[in-house]
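**Q** A single structure is presented below for examination.
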Amino acid sequence: MPPSFPSFPVLQPESPEAQAILDLFLSVLGISALIFVIVTGLIWRAIAVGRKYDRVPEQEFGSERKEIFWMVGPVIILLWIGAITTKLILTMDAIPLIHPAEDEPADVELLVTGHQWWWEIQYPGTDVVAANEVHIPTGKKIRVRLTSADVIHCFWVPQLARKIDVIPGRENYIWLEANTPGVYQGRCAEFCGNQHAWMNFQVFALDQADYEKWLSGAGSAAATIAASDTDAEAGEKIFFAQTCSNCHTIKGTAAVASIGPDLTHVASRDFLAGGAIENSPENLGIWLKNPQAIKPGCNMPDFKLSDEHVKQLVAYLESVN
Ligand code: CUA
């Protein structure tokens, strides 16, 4: 039952920022490789000479020129690496508060909150609250404001942007941008508890028209249940009787809590539980039956629901979508 989660390419940039990071990585790797080859070459040469003459090669002491070279050389290389790295970090700085007037305007603003162990994505100015899925328009600069509801997490979509720590009581900012429409994989990249490995998310880069369509759909209230759907009706009663509504929101209903993920459009998501299982009615049932078996330690309790109640809750959650 473990999901076949999509591959996680870290060296295939799909944004100008990710490309700049890869270029920096390759520059530093190139310099390091060159130094490695020179140093190991000299060691091999010393070994070869020592073997040939079966003695310790002649030792050199106190060559001032060589000593200066060995000291100044590395300093120059390190300063250069420091300079190109700092320059790149500064260009990626999306902090909007230091110089509001000179601020680079963002096409879209997003608020991402890390939770143990899932991601909450809000679209300021709208009602949209998503979980573990970030939708963005392609080719636009998105300023992401990040904070945490509990411990330190790290938001990382290697194909699109730098890593950024997500810290409680503090706001960090990054730019997110995608060159082409597609689905990009994200991970929590900071150990944040025993389910850190299941804190995955996906970024969907859409054409502008598709993005706007998605945004209006995602902001809409839950669909009403068909009167003939008795399972869904029974599921709705369980949802409110079993205190699901104390933690979750379903837009358009009395459930407005935000401790757990917003479930208004849960059936449309690719994965459940931060990537721990693929999303399907069957898997949603397995998850509801015993969340702790799938994601031990998560905040979703095991309500000891009967199979019948699980079936009805699944029918409800699938129908409100
Ligand atoms: Cu959140 Cu690791």
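Following the order of the structure tokens, first chain is A, next is B, and so on, with residues numbered from 1 inside each chain and ligands from 1 in the order they appear.
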Report as a ChimeraX atom specification which protein, DNA and RNA residues come within 7 Å of ligand 1, using only C-alpha atoms and all ligand atoms.
**A** /A:114-117,152-154,188-193,196-197,199
**Q** Can you list every residue in range 41-95 of chain A that DSSP puts in helix (DSSP H, G or I), as an MDAnalysis selection string?
**A** chainID A and resid 41:53 64:91
**Q** DSSP on the backbone: what in range 79-195 of chain A comes out strand (DSSP E or B), as a VMD selection string?
**A** chain A and resid 108 to 115 118 to 122 129 to 131 133 to 137 142 to 148 153 to 156 164 to 166 168 172 to 176 182 to 188
**Q** Which value, in Å to one decimal, gives the distance between CA of Gly297 in chain A and CA of Cys244 in chain A?
**A**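 It comes out at 17.6 Å.
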**Q** So how many Å separate CA of Phe240 in chain A and CA of Thr264 in chain A, to one decimal?
**A**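 The value is 14.2 Å.
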**Q** Which one of A:Ala232, A:Phe155, A:Glu171, A:Asn200 sits closest to Glu278 in chain A if you count only C-alpha atoms?
**A** A:Asn200
**Q** Using only C-alpha atoms, which of the listed residues (A:Ala315, A:Leu11, A:Ala218, A:Ala161) sits closest to Asp93 in chain A?
**A**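 Smallest distance to Asp93 in chain A is found for A:Ala161.
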**Q** Which residues come within 10 Å of range 253-257 of chain A, counting only C-alpha atoms, excluding same-chain residues fewer than 3 positions away, as a VMD selection string?
**A** chain A and resid 221 to 222 224 236 239 to 240 243 to 250 260 to 264 320
**Q** Leaving out Gly169 in chain A and any residue of its chain fewer than 6 positions from it, which residues lie within 9 Å of it when counting only C-alpha atoms, given as a CSV table (one decimal) with N, CA, C and O atoms, in the first residue's frame?
**A**
chain,number,residue,atom,x,y,z
A,147,THR,N,5.2,30.6,7.4
A,147,THR,CA,5.4,30.5,8.8
A,147,THR,C,5.0,29.1,9.3
A,147,THR,O,4.5,28.3,8.5
A,148,SER,N,5.2,28.8,10.6
A,148,SER,CA,4.8,27.5,11.1
A,148,SER,C,3.9,27.6,12.3
A,148,SER,O,3.9,28.5,13.0
A,149,ALA,N,3.0,26.6,12.4
A,149,ALA,CA,2.1,26.5,13.5
A,149,ALA,C,2.6,25.8,14.7
A,149,ALA,O,2.1,25.8,15.8
**Q** Just checking: using only C-alpha atoms, which residue out of A:Lys295, A:Lys140, A:Trp70, A:His309 ends up closest to Val39 in chain A?
**A**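 Selected residue with least distance to Val39 in chain A: A:Trp70.
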**Q** Ranking A:Glu318, A:Asp127, A:Glu308, A:Asp229 by minimum distance to Leu284 in chain A and counting only C-alpha atoms, which one comes first?
**A**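 Of the candidates, the smallest distance to Leu284 in chain A is held by A:Glu318.
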**Q** Can you measure CA of Ala273 in chain A to CA of Ser216 in chain A for me? One decimal in Å is fine.
**A**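 According to the coordinates, CA of Ala273 in chain A and CA of Ser216 in chain A are separated by 24.6 Å.
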